[in-house]
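Colleague: Let me begin by handing over the structure; questions about it come next.
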Amino acid sequence: MDFLKINGGHGEGGGQIIRSAIALACITKQSIHLENIRKNRKVSGLRPQHLTSIRILQKISNAKVIGAGIGSTELKFIPGDIDSLELSEDVGTAGSISLILQVLIPVVAIAQKKLSLTIKGGTDVLWSPCIDYTQYVLKEAFSRMGIKFSLELIKRGYYPKGGGEIKLQVFPSKLKLTSFAKRKTNNVKIICTFSKIAIEIIEREIQQMKNKFTNEGFKVEVEITNQEAMDSGASLLIYSIDENSIIGVDCLFDKKTQRFDLNFEKFIKKTQGIDTNLADMLVVPASLCPGRTTFLVKEITKHLETNLFVTSKITGCKYGIGKLDNGFEVIIEGVSNSSIK
């Protein structure tokens with residue numbers, strides 16, 4: 001059997017390579033051999049959240065998998081035909097649900113199948129988008145690209161116990177071209193959820209944020225919700241959406257400093273079409289959308305650079321990056337794979 005070899009230590013060498021490579025393997029029916037998995041990380045190899053993604057994608061695509069174990073630095077993934085399924089999964093403790101959804105949604109939707117998934121784990125954890133980012137930012141962006149899904153939050157799950165739960169529905173979708181240019185709106189929404197933290201502390205933080213945005217000429221809408229979770233915690237999402245742009249930033253409440261650690265100036269000065277985290281997430285669908293997808297970003301992160309490289313290697317898509325006065329333009333010339341028509 002012919003395997004496409006992917007160096008998991010390329011570029012930033014993290015979980016993004018695993019997620020993108022396996023998602024694209026399922027869609028294109030290309031067998032892949034991942035080596036040097038998470039080589040550049042302090043703890044190398046596969047972690048529980050990666051294994052959950054692999055396990056679910058294995059079920060969805062009837063794949064044969066070799067080397068799927070905690071700490072494994074090598075993996076072979078041999079996909080079969082993608083099925084519509086109803087699944088129930090548990091990441092365990094506070095493993096990120098959002099990172100898992102990033103790969104599941106495009107695979108099922110682009111393959112024109114359905115998925116009904118109940119999954120438990122962490123909804124709001126470090127080094128991962130909060131579930132509200134998935135619900136309000138990623139969902140809007142995917143929708144404009146033709147990818148349809150619905151998400152229902154059952155329970156929040158913070159680090160370390162997790163215990164969060166969501167229900168996901170993914171629908172057969174047809175990709176379409178879109179572009180994200182410059183932000184024009186001055187409307188901003190702040191969403192904050194918390195558990196087992198004094199509401200006075202939360203309201204103080206949010207009011208300070210609102211004042212900063214108002215002083216910069218933004219119109220601000222605020223939503224604060226107390227949602228019971230197993231652990232104490234709080235998450236924050238700030239986003240703005242118009243016909244040309246989708247920009248979001250999120251963070252968790254630092255219980256030591258009693259503050260939300262967020263760079264407001266960075267958000268205020270972002271006038272590009274999408275934020276840097278969203279740029280990572282759009283590469284996979286853009287690579288399979290016939291025609292040219294373009295978006296403007298403030299910076300080219302290692303994550304984005306790595307994702308573009310790996311995606312182009314698997315799909316054969318072309319991409320280019322152009323420097324602008326206030327950021328970068330990313331162009332992805334997608335390809336339509338015969339296996340997903």
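A note on labels: chains of the structure tokens are A, B, ... as shown, every chain counts residues from 1, and ligands are counted from 1 in their shown order.
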Run DSSP on the backbone and give me the residues of segment 44-249 of chain A it puts in alpha helix (DSSP H), as a PyMOL selection string.
Modeller: chain A and resi 48-61+97-110+131-133+139-144+199-215
Colleague: Restricting the calculation to only C-alpha atoms, which member of A:Cys26, A:Leu75, A:Val108, A:Ile32 is positioned closest to Leu51 of chain A?
Modeller: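 Among A:Cys26, A:Leu75, A:Val108, A:Ile32, it is A:Leu75 that comes nearest to Leu51 of chain A.
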Colleague: Just to confirm, what's the straight-line distance from atom CA of Ser235 of chain A to atom CA of Thr193 of chain A in Å (one decimal)?
Modeller: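 Going from atom CA of Ser235 of chain A over to atom CA of Thr193 of chain A covers 5.6 Å.
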Colleague: Residues at most 10 Å from Ser179 of chain A, counting only C-alpha atoms, excluding those fewer than 6 positions away in the same chain, as a list in words?
Modeller: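 Residues meeting the cut-off are Arg144, Met145, Glu243, Asn244, Ser245, Gly273, Ile274, Arg292, Thr293, Thr294, Phe295, Leu296 and Ile331 of chain A.
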Colleague: Would you pick out the contacts of segment 215-226 of chain A at 10 Å or less, using only C-alpha atoms, so that residues sharing its chain but fewer than 5 positions from it are not included, and give the list as a PDB file with N, CA, C and O atoms, in the first residue's frame?
Modeller:
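That gives us part-v3.pdb:
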```pdb
ATOM      1  N   THR A 185     -17.215  47.150  10.474  1.00  0.00           N
ATOM      2  CA  THR A 185     -18.124  47.424  11.575  1.00  0.00           C
ATOM      3  C   THR A 185     -17.389  47.919  12.817  1.00  0.00           C
ATOM      4  O   THR A 185     -16.216  47.597  13.026  1.00  0.00           O
ATOM      5  N   ASN A 186     -18.103  48.691  13.623  1.00  0.00           N
ATOM      6  CA  ASN A 186     -17.587  49.076  14.933  1.00  0.00           C
ATOM      7  C   ASN A 186     -18.459  48.476  16.038  1.00  0.00           C
ATOM      8  O   ASN A 186     -18.432  48.919  17.182  1.00  0.00           O
ATOM      9  N   ASN A 187     -19.234  47.437  15.659  1.00  0.00           N
ATOM     10  CA  ASN A 187     -20.057  46.716  16.633  1.00  0.00           C
ATOM     11  C   ASN A 187     -19.262  45.545  17.215  1.00  0.00           C
ATOM     12  O   ASN A 187     -18.659  44.771  16.474  1.00  0.00           O
ATOM     13  N   VAL A 188     -19.291  45.422  18.515  1.00  0.00           N
ATOM     14  CA  VAL A 188     -18.565  44.362  19.205  1.00  0.00           C
ATOM     15  C   VAL A 188     -19.500  43.693  20.208  1.00  0.00           C
ATOM     16  O   VAL A 188     -20.292  44.367  20.876  1.00  0.00           O
ATOM     17  N   LYS A 189     -19.403  42.363  20.292  1.00  0.00           N
ATOM     18  CA  LYS A 189     -20.168  41.649  21.318  1.00  0.00           C
ATOM     19  C   LYS A 189     -19.204  40.973  22.283  1.00  0.00           C
ATOM     20  O   LYS A 189     -18.223  40.354  21.861  1.00  0.00           O
ATOM     21  N   ILE A 190     -19.494  41.089  23.570  1.00  0.00           N
ATOM     22  CA  ILE A 190     -18.717  40.435  24.627  1.00  0.00           C
ATOM     23  C   ILE A 190     -19.597  39.384  25.276  1.00  0.00           C
ATOM     24  O   ILE A 190     -20.690  39.691  25.762  1.00  0.00           O
ATOM     25  N   ILE A 191     -19.142  38.131  25.247  1.00  0.00           N
ATOM     26  CA  ILE A 191     -19.861  37.038  25.899  1.00  0.00           C
ATOM     27  C   ILE A 191     -18.981  36.472  27.001  1.00  0.00           C
ATOM     28  O   ILE A 191     -17.840  36.076  26.756  1.00  0.00           O
ATOM     29  N   CYS A 192     -19.508  36.432  28.211  1.00  0.00           N
ATOM     30  CA  CYS A 192     -18.759  35.910  29.347  1.00  0.00           C
ATOM     31  C   CYS A 192     -19.628  34.906  30.101  1.00  0.00           C
ATOM     32  O   CYS A 192     -20.790  35.180  30.405  1.00  0.00           O
ATOM     33  N   THR A 193     -19.062  33.735  30.366  1.00  0.00           N
ATOM     34  CA  THR A 193     -19.735  32.737  31.193  1.00  0.00           C
ATOM     35  C   THR A 193     -18.826  32.384  32.363  1.00  0.00           C
ATOM     36  O   THR A 193     -17.601  32.394  32.220  1.00  0.00           O
ATOM     37  N   PHE A 194     -19.425  32.056  33.502  1.00  0.00           N
ATOM     38  CA  PHE A 194     -18.600  31.781  34.684  1.00  0.00           C
ATOM     39  C   PHE A 194     -19.287  30.778  35.594  1.00  0.00           C
ATOM     40  O   PHE A 194     -20.504  30.561  35.504  1.00  0.00           O
ATOM     41  N   SER A 195     -18.480  30.167  36.458  1.00  0.00           N
ATOM     42  CA  SER A 195     -18.986  29.209  37.439  1.00  0.00           C
ATOM     43  C   SER A 195     -18.158  29.314  38.714  1.00  0.00           C
ATOM     44  O   SER A 195     -16.923  29.324  38.661  1.00  0.00           O
ATOM     45  N   LYS A 196     -18.843  29.415  39.844  1.00  0.00           N
ATOM     46  CA  LYS A 196     -18.196  29.405  41.175  1.00  0.00           C
ATOM     47  C   LYS A 196     -17.178  30.537  41.345  1.00  0.00           C
ATOM     48  O   LYS A 196     -16.159  30.380  42.032  1.00  0.00           O
ATOM     49  N   ILE A 197     -17.434  31.677  40.701  1.00  0.00           N
ATOM     50  CA  ILE A 197     -16.629  32.885  40.883  1.00  0.00           C
ATOM     51  C   ILE A 197     -17.598  34.023  41.208  1.00  0.00           C
ATOM     52  O   ILE A 197     -18.688  34.087  40.627  1.00  0.00           O
ATOM     53  N   ALA A 198     -17.211  34.902  42.113  1.00  0.00           N
ATOM     54  CA  ALA A 198     -18.105  35.991  42.523  1.00  0.00           C
ATOM     55  C   ALA A 198     -18.483  36.849  41.323  1.00  0.00           C
ATOM     56  O   ALA A 198     -17.614  37.308  40.567  1.00  0.00           O
ATOM     57  N   ILE A 199     -19.770  37.071  41.155  1.00  0.00           N
ATOM     58  CA  ILE A 199     -20.245  37.825  39.996  1.00  0.00           C
ATOM     59  C   ILE A 199     -19.716  39.260  40.013  1.00  0.00           C
ATOM     60  O   ILE A 199     -19.519  39.878  38.965  1.00  0.00           O
ATOM     61  N   ILE A 202     -16.478  39.340  38.101  1.00  0.00           N
ATOM     62  CA  ILE A 202     -16.726  39.205  36.664  1.00  0.00           C
ATOM     63  C   ILE A 202     -17.272  40.512  36.092  1.00  0.00           C
ATOM     64  O   ILE A 202     -16.789  41.007  35.057  1.00  0.00           O
ATOM     65  N   GLU A 203     -18.250  41.093  36.762  1.00  0.00           N
ATOM     66  CA  GLU A 203     -18.864  42.330  36.264  1.00  0.00           C
ATOM     67  C   GLU A 203     -17.861  43.473  36.240  1.00  0.00           C
ATOM     68  O   GLU A 203     -17.891  44.314  35.330  1.00  0.00           O
ATOM     69  N   ILE A 206     -15.648  42.919  33.110  1.00  0.00           N
ATOM     70  CA  ILE A 206     -16.378  43.170  31.862  1.00  0.00           C
ATOM     71  C   ILE A 206     -16.652  44.666  31.676  1.00  0.00           C
ATOM     72  O   ILE A 206     -16.560  45.195  30.566  1.00  0.00           O
ATOM     73  N   GLN A 207     -16.965  45.344  32.763  1.00  0.00           N
ATOM     74  CA  GLN A 207     -17.233  46.782  32.664  1.00  0.00           C
ATOM     75  C   GLN A 207     -15.982  47.540  32.218  1.00  0.00           C
ATOM     76  O   GLN A 207     -16.058  48.481  31.407  1.00  0.00           O
ATOM     77  N   MET A 209     -13.605  46.351  30.345  1.00  0.00           N
ATOM     78  CA  MET A 209     -13.447  46.071  28.913  1.00  0.00           C
ATOM     79  C   MET A 209     -14.404  46.922  28.089  1.00  0.00           C
ATOM     80  O   MET A 209     -14.021  47.507  27.070  1.00  0.00           O
ATOM     81  N   LYS A 210     -15.644  46.954  28.530  1.00  0.00           N
ATOM     82  CA  LYS A 210     -16.642  47.733  27.798  1.00  0.00           C
ATOM     83  C   LYS A 210     -16.233  49.197  27.710  1.00  0.00           C
ATOM     84  O   LYS A 210     -16.366  49.830  26.653  1.00  0.00           O
ATOM     85  N   ALA A 234     -14.054  30.736  34.290  1.00  0.00           N
ATOM     86  CA  ALA A 234     -14.800  31.691  33.469  1.00  0.00           C
ATOM     87  C   ALA A 234     -14.117  31.814  32.118  1.00  0.00           C
ATOM     88  O   ALA A 234     -12.890  31.693  32.018  1.00  0.00           O
ATOM     89  N   LEU A 236     -14.188  34.037  28.217  1.00  0.00           N
ATOM     90  CA  LEU A 236     -14.557  35.307  27.602  1.00  0.00           C
ATOM     91  C   LEU A 236     -14.368  35.220  26.095  1.00  0.00           C
ATOM     92  O   LEU A 236     -13.349  34.727  25.610  1.00  0.00           O
ATOM     93  N   LEU A 237     -15.378  35.673  25.356  1.00  0.00           N
ATOM     94  CA  LEU A 237     -15.278  35.797  23.906  1.00  0.00           C
ATOM     95  C   LEU A 237     -15.652  37.211  23.508  1.00  0.00           C
ATOM     96  O   LEU A 237     -16.678  37.739  23.942  1.00  0.00           O
ATOM     97  N   ILE A 238     -14.794  37.825  22.695  1.00  0.00           N
ATOM     98  CA  ILE A 238     -15.087  39.129  22.108  1.00  0.00           C
ATOM     99  C   ILE A 238     -15.049  38.958  20.595  1.00  0.00           C
ATOM    100  O   ILE A 238     -14.069  38.433  20.060  1.00  0.00           O
ATOM    101  N   SER A 240     -16.554  40.447  16.482  1.00  0.00           N
ATOM    102  CA  SER A 240     -17.280  41.368  15.613  1.00  0.00           C
ATOM    103  C   SER A 240     -17.428  40.709  14.249  1.00  0.00           C
ATOM    104  O   SER A 240     -16.521  40.025  13.773  1.00  0.00           O
ATOM    105  N   GLU A 265      -5.877  45.924  22.965  1.00  0.00           N
ATOM    106  CA  GLU A 265      -5.335  46.755  21.892  1.00  0.00           C
ATOM    107  C   GLU A 265      -5.196  45.953  20.601  1.00  0.00           C
ATOM    108  O   GLU A 265      -5.424  46.462  19.507  1.00  0.00           O
ATOM    109  N   ILE A 268      -8.641  45.763  19.042  1.00  0.00           N
ATOM    110  CA  ILE A 268      -9.076  47.073  18.563  1.00  0.00           C
ATOM    111  C   ILE A 268      -8.384  47.451  17.259  1.00  0.00           C
ATOM    112  O   ILE A 268      -8.989  48.011  16.345  1.00  0.00           O
TER     113      ILE A 268
END
```
Colleague: Using only C-alpha atoms for the distances, tell me which of A:Thr178, A:Gln227, A:Ser84, A:Ser232 is nearest to Glu333 of chain A.
Modeller: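 Of the candidates, the smallest distance to Glu333 of chain A is held by A:Thr178.
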Colleague: Could you check the closest approach to Ser287 of chain A for each of A:Lys176, A:Lys155, A:Lys64, A:Lys269 and tell me which residue wins, using only C-alpha atoms?
Modeller: A:Lys176
Colleague: Have a look at A:Gln169, A:Gln102, A:Gln30, A:Thr52 and name the one nearest to Phe77 of chain A; count only C-alpha atoms.
Modeller: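 Smallest distance to Phe77 of chain A is found for A:Gln30.
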Colleague: Need the shell around segment 133-135 of chain A: protein/DNA/RNA residues with any atom at most 10 Å away, counting only C-alpha atoms. Skip same-chain ones fewer than 3 positions apart. Format as an MDAnalysis selection string?
Modeller: chainID A and resid 97:99 101:102 123:124 128:130 138:142 149:153 191 236:239 248:251 278
Colleague: Please report the interatomic distance between atom CA of Ala21 of chain A and atom CA of Leu87 of chain A in Å with one decimal.
Modeller: 22.1 Å
Colleague: If I take atom CA of Leu168 of chain A and atom CA of Leu117 of chain A, how far is one from the other in Å, to one decimal?
Modeller: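 Taking atom CA of Leu168 of chain A as the start and atom CA of Leu117 of chain A as the end point, the length is 5.0 Å.
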Colleague: Would you please give, as a list in words, all residues of segment 142-218 of chain A that DSSP assigns to strand (DSSP E) based on the backbone?
Modeller: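 Matching residues, listed in order: Lys148, Phe149, Ser150, Leu151, Glu152, Leu153, Ile154, Lys155, Gly164, Glu165, Ile166, Lys167, Leu168, Gln169, Val170, Phe171, Ser179, Phe180, Asn187, Val188, Lys189, Ile190, Ile191, Cys192, Thr193, Phe194 and Ser195 of chain A.
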Colleague: Of the candidates A:Asn263, A:Ser20, A:Ser312, A:Thr301, which one gets nearest to Asn277 of chain A if we count only C-alpha atoms?
Modeller: A:Thr301
Colleague: Find the residues near Thr118 of chain A: any atom within 6 Å, counting only C-alpha atoms, skip ones fewer than 6 places away on the same chain, and give them as a PyMOL selection string.
Modeller: chain A and resi 88+166-167
